[in-house]
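S.K.: Handing you this structure, nothing more for now.
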Amino acid sequence: MLRRMNAKQLQALCDDWKERMPPAEREEWLGARLAKQVNYAYRHAPAVKRIFDAAGVSPRQIRSIRDLESLPVTTKDDLVKLQHAEPPFGGFLAVPLNSLSRIYVSPGPIYDAWGEERIRAAVRGFVRMGLPKPGDVVMVSTAYHMVPAGLFMTDALDVLGCTVVPAGIGQTELQVKLLHDLRATAICSFPSFTMSILKKAEEMGYNVRRDFNLKYTTGGGERHIQVLRKIFEEQYGLVVADGYATADVGSVAWDCGLGLGYHYDDAECVIEIVDPQTGRQVKPGEVGEIVVTLFSKVYPLVRFGTGDLATYTNETCPCGRTAPRIPKIIGMIGEHIRVKGMFVHMKELDDAFAKLPEVLKYQLVLKLEGHKDQITLNVETESDVDRKALAQRINQRTQEVFKLRMDAIEFLPKGQLPQDYKKVVDTRWA
Ligand SMILES: [Zn+2]
């Protein structure tokens, strides 16, 4: 595990000069590192070798970001299949399994290999923001179970020298008490849950600015940060750190604090925005999938398709950094959705309802209400079904399979959903 770092070591994590390199120099620098990385990945990760060989590409041919176009994108769904065929890591692990510091399990299920480099990336994010600082008391209010969320944040805060309160999710009233009694300076959580804690505090008679010592919160993982950022900043006086991370690749892009998008983290990876149909890199402003090639000695994914859709800009940020930025995430492709901070694979939806024969057809409708995701389930059933009992069993089943309850269940008569209906209707991105 990474040890606590002193101020000098922390400062050495970010290279201010490199982050402000002229774009042409940056390209060249990244190209040289990429060439070394794919060569390493080819020699140490059998799955990467298979991908290159099948495409008839030699690692020597990859010398620039543009050259990556000659390789196929490995999608999240491909990764599920590859890992299933060759557990646990599908041939992508480049080190002995027991040298990993953490193995997480994301819905799919997907095994996530985490080495120290992932933690270093998260620490680097904190250092760039300047918050939290060593000596801060930080409440980590996110899941600690299987998925990276809570524990990886804790690992990074340990390195930084913070005092961590591993609060997890739920028990909002108790979270308010901890925040108050422990004089916590930061909450690391999903923005919708941070908002729930702050609202609960007000309900309990607290004035957040006056009664708490809170200065900082995080925004990762949810669309809501685009709505909530202003409220956190203006109403509560908080500094918001936002980043783009996934369980598969860790933290790979970050907001410098100006709220102008996620800067590609050149220290960690090469990011391409790619047309999902052709695998070609799109132009600035065009929509494509976020595809990541990690500079990792542990889990060297090459051209991994995250399933998230975004645009990018090449304009230098007013902060002076020259890496491209993703102004915002605008949706998802593929066979999975992210809702209430959870990643749900379409297969899991089918699995959940396959054991409920009374459900003839189902449709999930995702909405944004205020700061929260709302899930409405439309269910086609026969007319004589006991709706109350079925609703209960549906919620039991969805909680078992993907840990979510439905906010509302609408029962529809048989034949109501059209022939070409979609199983998931996501209105949150509109
Ligand atoms: Zn910036």
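Going by the structure tokens order, chains are called A, B, ..., each with residues numbered from 1, while ligands are numbered from 1 in the order shown.
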Give me, as a tab-separated table (two decimals) with N, CA and C atoms, in the first residue's frame, all polymer residues having an atom no more than 10 Å from Cys256 of chain A, counting only C-alpha atoms and skipping those fewer than 4 positions away in the same chain.

M.R.:
```
chain	number	residue	atom	x	y	z
A	125	GLY	N	-5.16	14.38	-7.83
A	125	GLY	CA	-6.35	15.22	-7.98
A	125	GLY	C	-6.53	16.14	-6.78
A	128	ARG	N	-3.84	18.94	-6.76
A	128	ARG	CA	-4.11	20.00	-7.73
A	128	ARG	C	-5.17	20.97	-7.22
A	129	MET	N	-6.20	20.43	-6.55
A	129	MET	CA	-7.26	21.29	-6.03
A	129	MET	C	-6.80	22.05	-4.78
A	240	VAL	N	-15.89	22.76	-4.83
A	240	VAL	CA	-16.31	21.49	-5.41
A	240	VAL	C	-15.19	20.93	-6.28
A	241	ALA	N	-14.76	19.73	-5.97
A	241	ALA	CA	-13.77	19.05	-6.82
A	241	ALA	C	-14.51	18.02	-7.63
A	242	ASP	N	-14.34	18.11	-8.93
A	242	ASP	CA	-15.05	17.16	-9.77
A	242	ASP	C	-14.04	16.43	-10.63
A	243	GLY	N	-14.35	15.21	-10.96
A	243	GLY	CA	-13.43	14.45	-11.80
A	243	GLY	C	-14.19	13.42	-12.58
A	260	LEU	N	-14.85	24.18	-15.99
A	260	LEU	CA	-14.90	24.25	-17.45
A	260	LEU	C	-14.64	22.91	-18.12
A	261	GLY	N	-14.79	21.85	-17.36
A	261	GLY	CA	-14.64	20.53	-17.96
A	261	GLY	C	-13.50	19.75	-17.36
A	262	TYR	N	-13.47	18.48	-17.74
A	262	TYR	CA	-12.46	17.56	-17.20
A	262	TYR	C	-11.21	17.60	-18.09
A	263	HIS	N	-10.10	18.01	-17.51
A	263	HIS	CA	-8.83	17.99	-18.24
A	263	HIS	C	-8.34	16.54	-18.31
A	317	CYS	N	-7.31	25.92	-21.36
A	317	CYS	CA	-8.16	26.38	-20.26
A	317	CYS	C	-7.58	27.69	-19.69
A	318	PRO	N	-8.43	28.59	-19.17
A	318	PRO	CA	-7.90	29.81	-18.53
A	318	PRO	C	-6.90	29.50	-17.40
A	319	CYS	N	-6.90	28.28	-16.88
A	319	CYS	CA	-5.93	27.92	-15.85
A	319	CYS	C	-4.53	27.74	-16.46
A	321	ARG	N	-3.62	25.24	-18.56
A	321	ARG	CA	-3.28	23.86	-18.94
A	321	ARG	C	-3.72	23.59	-20.38
```

S.K.: Based on the backbone DSSP call, show me all residues of segment 159-273 of chain A assigned helix (DSSP H, G or I), as number ranges by chain.

M.R.: A: 159-160, 172-181, 191-203, 208-211, 225-236

S.K.: Residues within 8 Å of Asp136 of chain A, please, as a list in words. Count only C-alpha atoms; anything in the same chain fewer than 5 positions from it doesn't count.

M.R.: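 What passes the distance filter is Gly161, Cys162, Thr163, Ala184, Thr185 and Ala186 of chain A.
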
S.K.: Give me, as a PyMOL selection string, the residues of segment 51-182 of chain A that a backbone DSSP run labels strand (DSSP E).

M.R.: chain A and resi 74-75+102-106+110-114+137-141+163-166

S.K.: Within 7 Å of Ile290 of chain A, counting only C-alpha atoms, which residues qualify if same-chain residues fewer than 4 places away don't, as a PyMOL selection string?

M.R.: chain A and resi 271-274+305-310

S.K.: Closest to ligand 1 among A:Glu203, A:Asp248, A:Glu173, A:Glu315, using only C-alpha atoms and all ligand atoms?

M.R.: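 When distances to ligand 1 are compared using only C-alpha atoms and all ligand atoms, the smallest one comes from A:Glu315.
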